[in-house]
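Asker: Sharing a structure, written as structure tokens. Questions coming.
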Amino acid sequence: SSHTTHRTALVLRRLNAALESSTDPAAAREALAVCLLAGPEPPVALVRAINDAGVDALLATGLVSEELAALVIESSDVRAVATRQVTDLPNLADLHRRIGDAWQELGAATGLDVDLPVGLHRHRAGDSSAAVVPLLHAVTRMNRGGRARDAVVAAALAIEAADAAGSPTARLEARRVHAQSLVECGQPQRGLSLIDHALATIEGDRLARARLRVLRARTARKVGDLETAGKDLDAAYQTFEALRDRAGLLEVAGQRARLARAEGRYPRALAHWGEMLRLNRGDLVLEAEALNGLVEAMIDAGQLDHIDKQVERLQRVSRASGDTRRIAEATSTWGMLHLARGETERARRELETAAAIAATLGADRLQ
């Protein structure tokens with residue numbers, strides 16, 4: 001409407017006037033562009049790493065303020081108008097490259113998880129090959145942290161970057177983490193379709209295909225197709241064994257244990273969890289996962305006589321891992337043991353605690 005056009009023109013005039021009257025107009029414009037591209041409220045340290053003088057000049061205009069070590073643009077009108085200007089910048093790709101580098105340096109200095117912004121800005125800078133690995137790491141971390149909906153969005157970006165980079169193995173990996181995100185979101189059929197299509201259309205290396213088959217096995221089990229799950233795990237095992245891939249063999253052992261439990265074959269589940277513990281080399285999160293499965297299988301099999309030692313080890317390892325999901329699972333299993341022993345009040349307390357811990361993850365379905 002004409003009212004909106006008039007308002008936009010006023011905001012644009014004010015924006016340009018404020019920047020032009022600043023102590024360093026070119027630096028202030030660049031700092032504002034970085035704020036918009038690295039936003040919504042980027043750390044002051046990040047923008048200063050790219051243009052320190054520009055941040056000072058920009059703050060003095062009042063267009064942007066500093067709040068809790070972040071830079072905040074004063075209004076949505078200013079943001080909208082300035083964003084339109086930024087997308088027309090001739091050096092946009094170079095700005096994205098510098099922002100990606102600054103995020104990486106900030107991550108190295110602070111320990112912050114910066115994989116997603118590093119990958120995003122490298123991709124936007126046109127360096128898709130360098131974007132793929134950080135984006136894959138970001139999606140994996142989100143899935144582990146119970147942030148599956150965020151992971152779906154990041155995984156779509158990983159697929160875009162992998163397709164632009166052109167590596168078949170990267171393309172398979174990107175689809176694997178995307179499918180995993182869909183499964184975590186409670187959309188296993190969409191996940192299966194994505195996996196089937198990827199395996200049918202992308203060659204990739206043997207290891208990437210085997211990893212995708214493990215995920216298909218896990219997803220098939222969740223929808224009740226135990227036969228497909230078993231075949232995929234057998235095929236993946238052959239590949240991991242031939243390539244001496246310990247991480248793959250660990251994953252197969254865990255999935256075979258879960259499949260055996262779904263089939264009601266508890267002694268076999270116990271054997272596979274034991275195999276996973278033997279293969280593990282000091283990863284506390286994996287050790288907690290295997291111990292939890294072991295204790296669950298002992299409860300299922302009614303083997304409660306020698307269980308306390310394993311439960312104590314599970315509690316100790318899950319706490320030491322610092323992994324919220326594993327702590328919630330261990331607490332839930334402890335509750336199930338009380339239930340199996342007829343200690344209903346203690347069981348209720350533990351299960352309520354487990355549910356509360358899981359809720360902090362956004363993980364309402366522990367697996």
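Going through the structure tokens in order, the chains are called A, B, and so on, while each chain numbers its residues from 1 and the ligands are numbered from 1 in the order shown.
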List the spatial neighbours of range 241-252 of chain A as a ChimeraX atom specification - criterion: any atom at most 9 Å away, only C-alpha atoms, same-chain residues fewer than 5 positions off excluded.
Answerer: /A:207,210-211,214,233-234,236,257,272,275-277,279-280,286
Asker: Can you pull out the residues contacting range 133-137 of chain A? Cut-off 7 Å, using only C-alpha atoms, and skip same-chain residues under 2 positions away; I want them as a PDB file with N, CA and C atoms, in the first residue's frame.
Answerer:
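What landed in out_33.pdb:
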```pdb
ATOM      1  N   ASP A 115      29.239 -24.973  14.885  1.00  0.00           N
ATOM      2  CA  ASP A 115      29.216 -25.721  13.616  1.00  0.00           C
ATOM      3  C   ASP A 115      28.159 -25.204  12.647  1.00  0.00           C
ATOM      4  N   LEU A 116      26.957 -24.920  13.168  1.00  0.00           N
ATOM      5  CA  LEU A 116      25.871 -24.487  12.274  1.00  0.00           C
ATOM      6  C   LEU A 116      26.189 -23.148  11.598  1.00  0.00           C
ATOM      7  N   VAL A 118      29.090 -21.682  11.164  1.00  0.00           N
ATOM      8  CA  VAL A 118      30.278 -21.843  10.306  1.00  0.00           C
ATOM      9  C   VAL A 118      29.863 -22.484   8.980  1.00  0.00           C
ATOM     10  N   GLY A 119      29.111 -23.578   9.051  1.00  0.00           N
ATOM     11  CA  GLY A 119      28.662 -24.278   7.841  1.00  0.00           C
ATOM     12  C   GLY A 119      27.752 -23.417   6.983  1.00  0.00           C
ATOM     13  N   ALA A 130      33.612 -26.921   2.042  1.00  0.00           N
ATOM     14  CA  ALA A 130      34.046 -26.647   3.421  1.00  0.00           C
ATOM     15  C   ALA A 130      32.858 -26.547   4.371  1.00  0.00           C
ATOM     16  N   ALA A 131      31.649 -26.428   3.822  1.00  0.00           N
ATOM     17  CA  ALA A 131      30.449 -26.280   4.662  1.00  0.00           C
ATOM     18  C   ALA A 131      29.892 -27.619   5.130  1.00  0.00           C
ATOM     19  N   VAL A 139      24.002 -31.139  12.756  1.00  0.00           N
ATOM     20  CA  VAL A 139      22.779 -31.955  12.748  1.00  0.00           C
ATOM     21  C   VAL A 139      22.907 -33.111  13.741  1.00  0.00           C
ATOM     22  N   THR A 140      24.052 -33.778  13.735  1.00  0.00           N
ATOM     23  CA  THR A 140      24.271 -34.907  14.648  1.00  0.00           C
ATOM     24  C   THR A 140      24.141 -34.458  16.103  1.00  0.00           C
ATOM     25  N   ARG A 141      24.737 -33.306  16.416  1.00  0.00           N
ATOM     26  CA  ARG A 141      24.678 -32.805  17.800  1.00  0.00           C
ATOM     27  C   ARG A 141      23.236 -32.438  18.183  1.00  0.00           C
ATOM     28  N   ALA A 154      18.416 -27.874   9.691  1.00  0.00           N
ATOM     29  CA  ALA A 154      19.863 -27.851   9.426  1.00  0.00           C
ATOM     30  C   ALA A 154      20.253 -28.938   8.430  1.00  0.00           C
ATOM     31  N   ALA A 158      22.373 -29.037   4.953  1.00  0.00           N
ATOM     32  CA  ALA A 158      23.502 -29.951   4.707  1.00  0.00           C
ATOM     33  C   ALA A 158      23.351 -30.653   3.361  1.00  0.00           C
ATOM     34  N   ALA A 174      24.603 -36.633   4.247  1.00  0.00           N
ATOM     35  CA  ALA A 174      23.627 -35.567   4.493  1.00  0.00           C
ATOM     36  C   ALA A 174      22.205 -36.141   4.533  1.00  0.00           C
TER      37      ALA A 174
END
```
Asker: What separation in Å, quoted to one decimal, exists between CA of Arg326 in chain A and CA of His338 in chain A?
Answerer: 18.5 Å
Asker: When you look at Ile307 in chain A with a cut-off of 12 Å (counting only C-alpha atoms), what residues show up, excluding the ones that are within fewer than 5 positions of it in the same chain? I need them as number ranges by chain.
Answerer: A: 291-292, 294-302, 312-314, 333-334, 337-338, 340-341
Asker: Residues at most 10 Å from Arg349 in chain A, counting only C-alpha atoms, excluding those fewer than 6 positions away in the same chain, as a list in words?
Answerer: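 That gives Thr331, Ser332, Gly335 and His338 of chain A.
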Asker: Determine, counting only C-alpha atoms, which protein, DNA and RNA residues have an atom within 9 Å of an atom of Val11 in chain A; residues of the same chain fewer than 3 positions away are not included. Present the result as a PDB file with N, CA and C atoms, in the first residue's frame.
Answerer:
```pdb
ATOM      1  N   HIS A   6       5.432   4.696   1.853  1.00  0.00           N
ATOM      2  CA  HIS A   6       5.860   5.961   2.466  1.00  0.00           C
ATOM      3  C   HIS A   6       6.683   5.685   3.729  1.00  0.00           C
ATOM      4  N   ARG A   7       6.187   4.741   4.541  1.00  0.00           N
ATOM      5  CA  ARG A   7       6.888   4.404   5.793  1.00  0.00           C
ATOM      6  C   ARG A   7       8.278   3.826   5.500  1.00  0.00           C
ATOM      7  N   THR A   8       8.347   2.938   4.496  1.00  0.00           N
ATOM      8  CA  THR A   8       9.633   2.345   4.111  1.00  0.00           C
ATOM      9  C   THR A   8      10.615   3.423   3.670  1.00  0.00           C
ATOM     10  N   ARG A  14      16.061   7.737   7.096  1.00  0.00           N
ATOM     11  CA  ARG A  14      16.639   7.852   8.441  1.00  0.00           C
ATOM     12  C   ARG A  14      17.870   6.957   8.583  1.00  0.00           C
ATOM     13  N   LEU A  15      17.770   5.748   8.040  1.00  0.00           N
ATOM     14  CA  LEU A  15      18.883   4.792   8.105  1.00  0.00           C
ATOM     15  C   LEU A  15      20.120   5.360   7.401  1.00  0.00           C
ATOM     16  N   ASN A  16      19.932   5.824   6.177  1.00  0.00           N
ATOM     17  CA  ASN A  16      21.061   6.354   5.411  1.00  0.00           C
ATOM     18  C   ASN A  16      21.654   7.599   6.065  1.00  0.00           C
ATOM     19  N   ASP A  77      11.429  -2.475  11.550  1.00  0.00           N
ATOM     20  CA  ASP A  77      11.410  -1.666  10.313  1.00  0.00           C
ATOM     21  C   ASP A  77      12.825  -1.449   9.791  1.00  0.00           C
ATOM     22  N   VAL A  78      13.721  -1.050  10.696  1.00  0.00           N
ATOM     23  CA  VAL A  78      15.118  -0.823  10.315  1.00  0.00           C
ATOM     24  C   VAL A  78      15.725  -2.122   9.791  1.00  0.00           C
ATOM     25  N   VAL A  81      14.339  -2.957   6.173  1.00  0.00           N
ATOM     26  CA  VAL A  81      14.867  -2.079   5.125  1.00  0.00           C
ATOM     27  C   VAL A  81      16.356  -2.337   4.901  1.00  0.00           C
TER      28      VAL A  81
END
```
Asker: Would you return as a list of chain:residue names the members of range 27-71 of chain A that DSSP assigns to strand (DSSP E or B) on this structure's backbone?
Answerer: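 Assigned to strand (DSSP E or B), within range 27-71 of chain A: A:Pro43, A:Val64, A:Ser65, A:Glu66, A:Glu67, A:Ala70, A:Leu71.
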Asker: Keeping N, CA, C and O atoms for every residue in the selection just given, could you write it to a file as an mmCIF file, in the first residue's frame?
Answerer:
```cif
data_model
loop_
_atom_site.group_PDB
_atom_site.id
_atom_site.type_symbol
_atom_site.label_atom_id
_atom_site.label_comp_id
_atom_site.auth_asym_id
_atom_site.auth_seq_id
_atom_site.Cartn_x
_atom_site.Cartn_y
_atom_site.Cartn_z
ATOM 1 N N PRO A 43 26.860 -12.037 18.686
ATOM 2 C CA PRO A 43 27.747 -11.598 19.760
ATOM 3 C C PRO A 43 28.555 -10.377 19.323
ATOM 4 O O PRO A 43 29.018 -10.309 18.182
ATOM 5 N N VAL A 64 21.607 0.526 16.482
ATOM 6 C CA VAL A 64 21.894 -0.760 17.112
ATOM 7 C C VAL A 64 22.319 -0.488 18.552
ATOM 8 O O VAL A 64 22.971 0.520 18.836
ATOM 9 N N SER A 65 21.925 -1.378 19.476
ATOM 10 C CA SER A 65 22.372 -1.234 20.868
ATOM 11 C C SER A 65 23.045 -2.526 21.319
ATOM 12 O O SER A 65 22.848 -3.592 20.706
ATOM 13 N N GLU A 66 23.826 -2.429 22.373
ATOM 14 C CA GLU A 66 24.509 -3.608 22.925
ATOM 15 C C GLU A 66 23.747 -4.082 24.155
ATOM 16 O O GLU A 66 23.552 -3.331 25.105
ATOM 17 N N GLU A 67 23.285 -5.314 24.115
ATOM 18 C CA GLU A 67 22.549 -5.891 25.251
ATOM 19 C C GLU A 67 23.080 -7.283 25.535
ATOM 20 O O GLU A 67 23.061 -8.147 24.662
ATOM 21 N N ALA A 70 25.455 -8.851 23.166
ATOM 22 C CA ALA A 70 24.953 -9.076 21.806
ATOM 23 C C ALA A 70 24.558 -7.735 21.193
ATOM 24 O O ALA A 70 24.275 -6.774 21.914
ATOM 25 N N LEU A 71 24.536 -7.664 19.876
ATOM 26 C CA LEU A 71 24.103 -6.455 19.183
ATOM 27 C C LEU A 71 22.660 -6.617 18.723
ATOM 28 O O LEU A 71 22.314 -7.599 18.068
#
```
Asker: Quick one, how far is CA of Val152 in chain A from CA of Ser318 in chain A?
Answerer: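 These atoms are spaced 27.3 Å apart.
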